[in-house]
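Undergrad: This one is target_16.cif, mmCIF, C-alpha atoms, pLDDT in the B column; chains and numbers go by the auth columns.
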data_final
#
loop_
_atom_site.group_PDB
_atom_site.id
_atom_site.type_symbol
_atom_site.label_atom_id
_atom_site.label_comp_id
_atom_site.label_asym_id
_atom_site.label_seq_id
_atom_site.Cartn_x
_atom_site.Cartn_y
_atom_site.Cartn_z
_atom_site.B_iso_or_equiv
_atom_site.auth_seq_id
_atom_site.auth_asym_id
ATOM 1 C CA MET A 1 -8.052 15.432 -11.467 83.00 1 U
ATOM 2 C CA ILE A 2 -4.907 13.417 -10.867 89.00 2 U
ATOM 3 C CA LYS A 3 -6.652 10.386 -9.390 89.00 3 U
ATOM 4 C CA VAL A 4 -9.404 10.096 -11.977 88.00 4 U
ATOM 5 C CA PHE A 5 -8.284 11.811 -15.155 89.00 5 U
ATOM 6 C CA TYR A 6 -4.474 11.568 -15.377 90.00 6 U
ATOM 7 C CA PRO A 7 -4.531 8.039 -16.826 92.00 7 U
ATOM 8 C CA GLN A 8 -6.970 9.235 -19.508 92.00 8 U
ATOM 9 C CA LEU A 9 -5.186 12.525 -20.100 93.00 9 U
ATOM 10 C CA PHE A 10 -1.831 10.873 -20.710 95.00 10 U
ATOM 11 C CA GLU A 11 -3.127 7.801 -22.555 94.00 11 U
ATOM 12 C CA GLY A 12 -0.929 7.047 -25.547 96.00 12 U
ATOM 13 C CA THR A 13 1.905 9.320 -24.414 96.00 13 U
ATOM 14 C CA GLU A 14 5.269 8.583 -22.860 96.00 14 U
ATOM 15 C CA GLU A 15 3.858 9.801 -19.519 95.00 15 U
ATOM 16 C CA GLU A 16 1.036 7.222 -19.500 95.00 16 U
ATOM 17 C CA LYS A 17 2.849 4.716 -17.286 96.00 17 U
ATOM 18 C CA ALA A 18 3.798 7.389 -14.733 96.00 18 U
ATOM 19 C CA ALA A 19 0.213 8.718 -14.680 95.00 19 U
ATOM 20 C CA LYS A 20 -1.155 5.218 -14.052 96.00 20 U
ATOM 21 C CA GLU A 21 1.334 4.721 -11.205 96.00 21 U
ATOM 22 C CA LEU A 22 0.576 8.093 -9.618 96.00 22 U
ATOM 23 C CA SER A 23 -3.217 7.980 -9.871 94.00 23 U
ATOM 24 C CA PRO A 24 -3.934 5.357 -7.171 94.00 24 U
ATOM 25 C CA LYS A 25 -1.581 7.131 -4.750 94.00 25 U
ATOM 26 C CA CYS A 26 -3.684 10.312 -4.712 94.00 26 U
ATOM 27 C CA TYR A 27 -6.383 10.933 -2.111 93.00 27 U
ATOM 28 C CA GLU A 28 -8.777 13.651 -1.107 92.00 28 U
ATOM 29 C CA PHE A 29 -7.679 14.714 2.399 94.00 29 U
ATOM 30 C CA SER A 30 -10.619 13.406 4.457 95.00 30 U
ATOM 31 C CA ASP A 31 -10.508 10.124 2.529 95.00 31 U
ATOM 32 C CA PHE A 32 -6.776 9.850 3.216 96.00 32 U
ATOM 33 C CA LEU A 33 -7.267 10.383 6.955 97.00 33 U
ATOM 34 C CA VAL A 34 -10.177 7.966 7.315 97.00 34 U
ATOM 35 C CA THR A 35 -9.475 5.290 4.708 95.00 35 U
ATOM 36 C CA LYS A 36 -5.697 5.195 4.501 95.00 36 U
ATOM 37 C CA LEU A 37 -4.672 6.184 8.047 97.00 37 U
ATOM 38 C CA GLY A 38 -7.759 5.002 9.931 97.00 38 U
ATOM 39 C CA VAL A 39 -8.109 8.362 11.713 97.00 39 U
ATOM 40 C CA THR A 40 -11.639 9.489 12.540 97.00 40 U
ATOM 41 C CA ASP A 41 -11.240 11.371 15.823 97.00 41 U
ATOM 42 C CA LEU A 42 -9.114 14.501 15.679 96.00 42 U
ATOM 43 C CA GLY A 43 -9.982 15.521 19.232 97.00 43 U
ATOM 44 C CA ALA A 44 -12.057 18.462 18.042 97.00 44 U
ATOM 45 C CA ARG A 45 -14.965 20.156 19.778 98.00 45 U
ATOM 46 C CA PHE A 46 -17.400 22.591 18.173 98.00 46 U
ATOM 47 C CA SER A 47 -20.679 23.421 19.908 98.00 47 U
ATOM 48 C CA ARG A 48 -22.775 24.373 16.911 97.00 48 U
ATOM 49 C CA GLU A 49 -25.147 23.088 14.287 96.00 49 U
ATOM 50 C CA VAL A 50 -23.338 22.755 10.976 96.00 50 U
ATOM 51 C CA THR A 51 -23.877 21.427 7.505 93.00 51 U
ATOM 52 C CA PHE A 52 -21.384 20.111 5.017 91.00 52 U
ATOM 53 C CA HIS A 53 -21.443 20.826 1.306 86.00 53 U
ATOM 54 C CA ASP A 54 -19.793 18.073 -0.674 87.00 54 U
ATOM 55 C CA GLY A 55 -17.619 19.322 -3.506 82.00 55 U
ATOM 56 C CA CYS A 56 -18.989 17.977 -6.774 79.00 56 U
ATOM 57 C CA HIS A 57 -15.746 16.304 -7.839 81.00 57 U
ATOM 58 C CA GLY A 58 -15.246 14.633 -4.483 83.00 58 U
ATOM 59 C CA LEU A 59 -18.816 13.394 -4.416 84.00 59 U
ATOM 60 C CA ARG A 60 -19.223 12.411 -8.052 82.00 60 U
ATOM 61 C CA GLU A 61 -15.761 11.552 -9.343 83.00 61 U
ATOM 62 C CA LEU A 62 -14.268 10.123 -6.156 88.00 62 U
ATOM 63 C CA GLY A 63 -17.389 8.900 -4.371 87.00 63 U
ATOM 64 C CA ASN A 64 -16.183 10.472 -1.107 90.00 64 U
ATOM 65 C CA LYS A 65 -19.364 11.246 0.808 92.00 65 U
ATOM 66 C CA LYS A 66 -18.652 9.175 3.908 95.00 66 U
ATOM 67 C CA PRO A 67 -15.110 10.147 5.059 96.00 67 U
ATOM 68 C CA ALA A 68 -15.883 13.791 5.870 95.00 68 U
ATOM 69 C CA ARG A 69 -18.986 12.726 7.771 96.00 69 U
ATOM 70 C CA ASP A 70 -16.986 10.128 9.696 97.00 70 U
ATOM 71 C CA LEU A 71 -14.692 12.938 10.841 97.00 71 U
ATOM 72 C CA LEU A 72 -17.573 15.288 11.670 97.00 72 U
ATOM 73 C CA ALA A 73 -19.341 12.552 13.641 97.00 73 U
ATOM 74 C CA LYS A 74 -16.435 12.517 16.113 97.00 74 U
ATOM 75 C CA VAL A 75 -16.405 16.283 16.722 98.00 75 U
ATOM 76 C CA ARG A 76 -17.716 16.693 20.251 98.00 76 U
ATOM 77 C CA ASP A 77 -20.905 18.760 20.630 98.00 77 U
ATOM 78 C CA LEU A 78 -21.281 19.224 16.869 98.00 78 U
ATOM 79 C CA GLU A 79 -24.688 18.598 15.326 97.00 79 U
ATOM 80 C CA LEU A 80 -24.487 17.804 11.621 96.00 80 U
ATOM 81 C CA ILE A 81 -27.620 18.827 9.742 95.00 81 U
ATOM 82 C CA GLU A 82 -27.712 17.463 6.229 93.00 82 U
ATOM 83 C CA MET A 83 -28.778 19.901 3.538 88.00 83 U
ATOM 84 C CA ARG A 84 -31.888 19.224 1.527 86.00 84 U
ATOM 85 C CA ASP A 85 -30.915 18.200 -2.020 82.00 85 U
ATOM 86 C CA ALA A 86 -27.296 17.884 -0.882 79.00 86 U
ATOM 87 C CA GLU A 87 -26.336 15.767 -3.868 82.00 87 U
ATOM 88 C CA THR A 88 -27.805 18.153 -6.410 78.00 88 U
ATOM 89 C CA CYS A 89 -25.102 20.027 -8.272 74.00 89 U
ATOM 90 C CA CYS A 90 -25.338 23.788 -7.808 70.00 90 U
ATOM 91 C CA GLY A 91 -23.834 24.264 -11.274 67.00 91 U
ATOM 92 C CA PHE A 92 -21.249 26.741 -10.106 65.00 92 U
ATOM 93 C CA GLY A 93 -18.088 24.705 -9.636 65.00 93 U
ATOM 94 C CA GLY A 94 -14.749 24.636 -11.390 64.00 94 U
ATOM 95 C CA THR A 95 -13.942 27.436 -13.796 66.00 95 U
ATOM 96 C CA PHE A 96 -17.603 28.014 -14.663 68.00 96 U
ATOM 97 C CA ALA A 97 -17.961 30.533 -11.829 70.00 97 U
ATOM 98 C CA ALA A 98 -14.864 32.420 -13.005 72.00 98 U
ATOM 99 C CA LYS A 99 -15.784 32.433 -16.685 75.00 99 U
ATOM 100 C CA PHE A 100 -19.443 33.359 -16.174 75.00 100 U
ATOM 101 C CA PRO A 101 -19.703 35.518 -13.034 74.00 101 U
ATOM 102 C CA MET A 102 -22.827 37.191 -14.400 73.00 102 U
ATOM 103 C CA ILE A 103 -24.806 33.935 -14.063 73.00 103 U
ATOM 104 C CA PRO A 104 -25.898 33.337 -10.455 71.00 104 U
ATOM 105 C CA PRO A 105 -25.675 29.801 -9.092 66.00 105 U
ATOM 106 C CA ARG A 106 -28.895 27.884 -8.365 61.00 106 U
ATOM 107 C CA TRP A 107 -28.572 28.440 -4.627 58.00 107 U
ATOM 108 C CA ALA A 108 -28.451 32.254 -5.032 59.00 108 U
ATOM 109 C CA LYS A 109 -31.984 32.498 -6.427 56.00 109 U
#
Just give me the structure as structure tokens.
TA:
Amino acid sequence: MIKVFYPQLFEGTEEEKAAKELSPKCYEFSDFLVTKLGVTDLGARFSREVTFHDGCHGLRELGNKKPARDLLAKVRDLELIEMRDAETCCGFGGTFAAKFPMIPPRWAK
């Protein structure tokens, strides 16, 4: 929200300049570790098969598919299995799930 939408949200207000200065300083955590700090190996070990579900905002708004996978690739003994249709939105993010709990998400069918 802050990185992508603050400049738009505050456009034309007295906070616009501050929003534009703050926006490029904000990172999703895995992106911050990998891109900003250059950290990919956290010394972790996990002997399991796992998958990773990208949050819609991170994937679509921020374009952050790679950093989390860079971190997972360094976890010893972990086998990452990509989900089928991983980039398909489940339609249940944000406040939608809270406002419409009676509607099941796509993956629950």
Undergrad: Rank U:Ala19, U:Ile2, U:Ala86, U:Leu71 by their smallest atom-to-atom distance to Phe32 of chain U, using only C-alpha atoms, and report the top residue only.
TA: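 Of the candidates, the smallest distance to Phe32 of chain U is held by U:Leu71.
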Undergrad: I want to know what sits within 12 Å of Phe5 of chain U, based on only C-alpha atoms, with residues of the same chain fewer than 3 positions away left out; could you give that as a list of chain:residue names?
TA: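 So, after excluding close chain neighbours, the residues are U:Met1, U:Ile2, U:Gln8, U:Leu9, U:Phe10, U:Glu11, U:Glu16, U:Ala19, U:Lys20, U:Leu22, U:Ser23, U:Pro24, U:Cys26, U:His57, U:Glu61, U:Leu62.
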Undergrad: Report, in Å with one decimal, the straight-line distance from atom CA of Thr40 of chain U to atom CA of Lys25 of chain U.
TA: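 Separation of atom CA of Thr40 of chain U and atom CA of Lys25 of chain U: 20.1 Å.
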Undergrad: So which one's closest to Met83 of chain U, U:His53, U:Asn64, U:Ser30, U:Ser47? Using only C-alpha atoms, please.
TA: U:His53
Undergrad: Skipping near chain neighbours, those fewer than 5 positions away, what residues fall within 10 Å of Asp70 of chain U using all atoms listed in the file, listed as a VMD selection string?
TA: chain U and resid 30 to 31 34 39 to 41 65 75
Undergrad: Which of these residues is nearest to Tyr6 of chain U, using all atoms listed in the file: U:Leu80, U:Glu21, U:Leu72, U:Cys90?
TA: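 Selected residue with least distance to Tyr6 of chain U: U:Glu21.
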Undergrad: Go ahead and compute the interatomic distance for atom CA of Asp54 of chain U and atom CA of Pro7 of chain U, in Å to one decimal.
TA: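 Going from atom CA of Asp54 of chain U over to atom CA of Pro7 of chain U covers 24.4 Å.
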Undergrad: Calculate how many Å separate atom CA of Glu82 of chain U from atom CA of Ala98 of chain U, rounding to one decimal.
TA: 27.5 Å
Undergrad: Determine the nearest neighbour of Arg69 of chain U from the options U:Ala18, U:Ile103, U:Ile81, U:Cys56, counting all atoms listed in the file.
TA: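 The shortest atom-to-atom distance to Arg69 of chain U comes from U:Ile81.
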Undergrad: Compare U:Lys3, U:Lys36, U:Arg60, U:Arg45 by their minimum atom-to-atom distance to Thr88 of chain U, counting only C-alpha atoms, and give me the closest one.
TA: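 Selected residue with least distance to Thr88 of chain U: U:Arg60.
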Undergrad: May I ask which of the residues U:Ala68, U:Pro104, U:Tyr27, U:Gly43 is the closest one to Gly55 of chain U, counting all atoms listed in the file?
TA: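 So, comparing all the options, the nearest one is U:Ala68.
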Undergrad: Mind checking which residues fall within 10 Å of Asp77 of chain U, counting all atoms listed in the file, ignoring those fewer than 4 positions away in the same chain, and posting them as a ChimeraX atom specification?
TA: /U:44-49,73
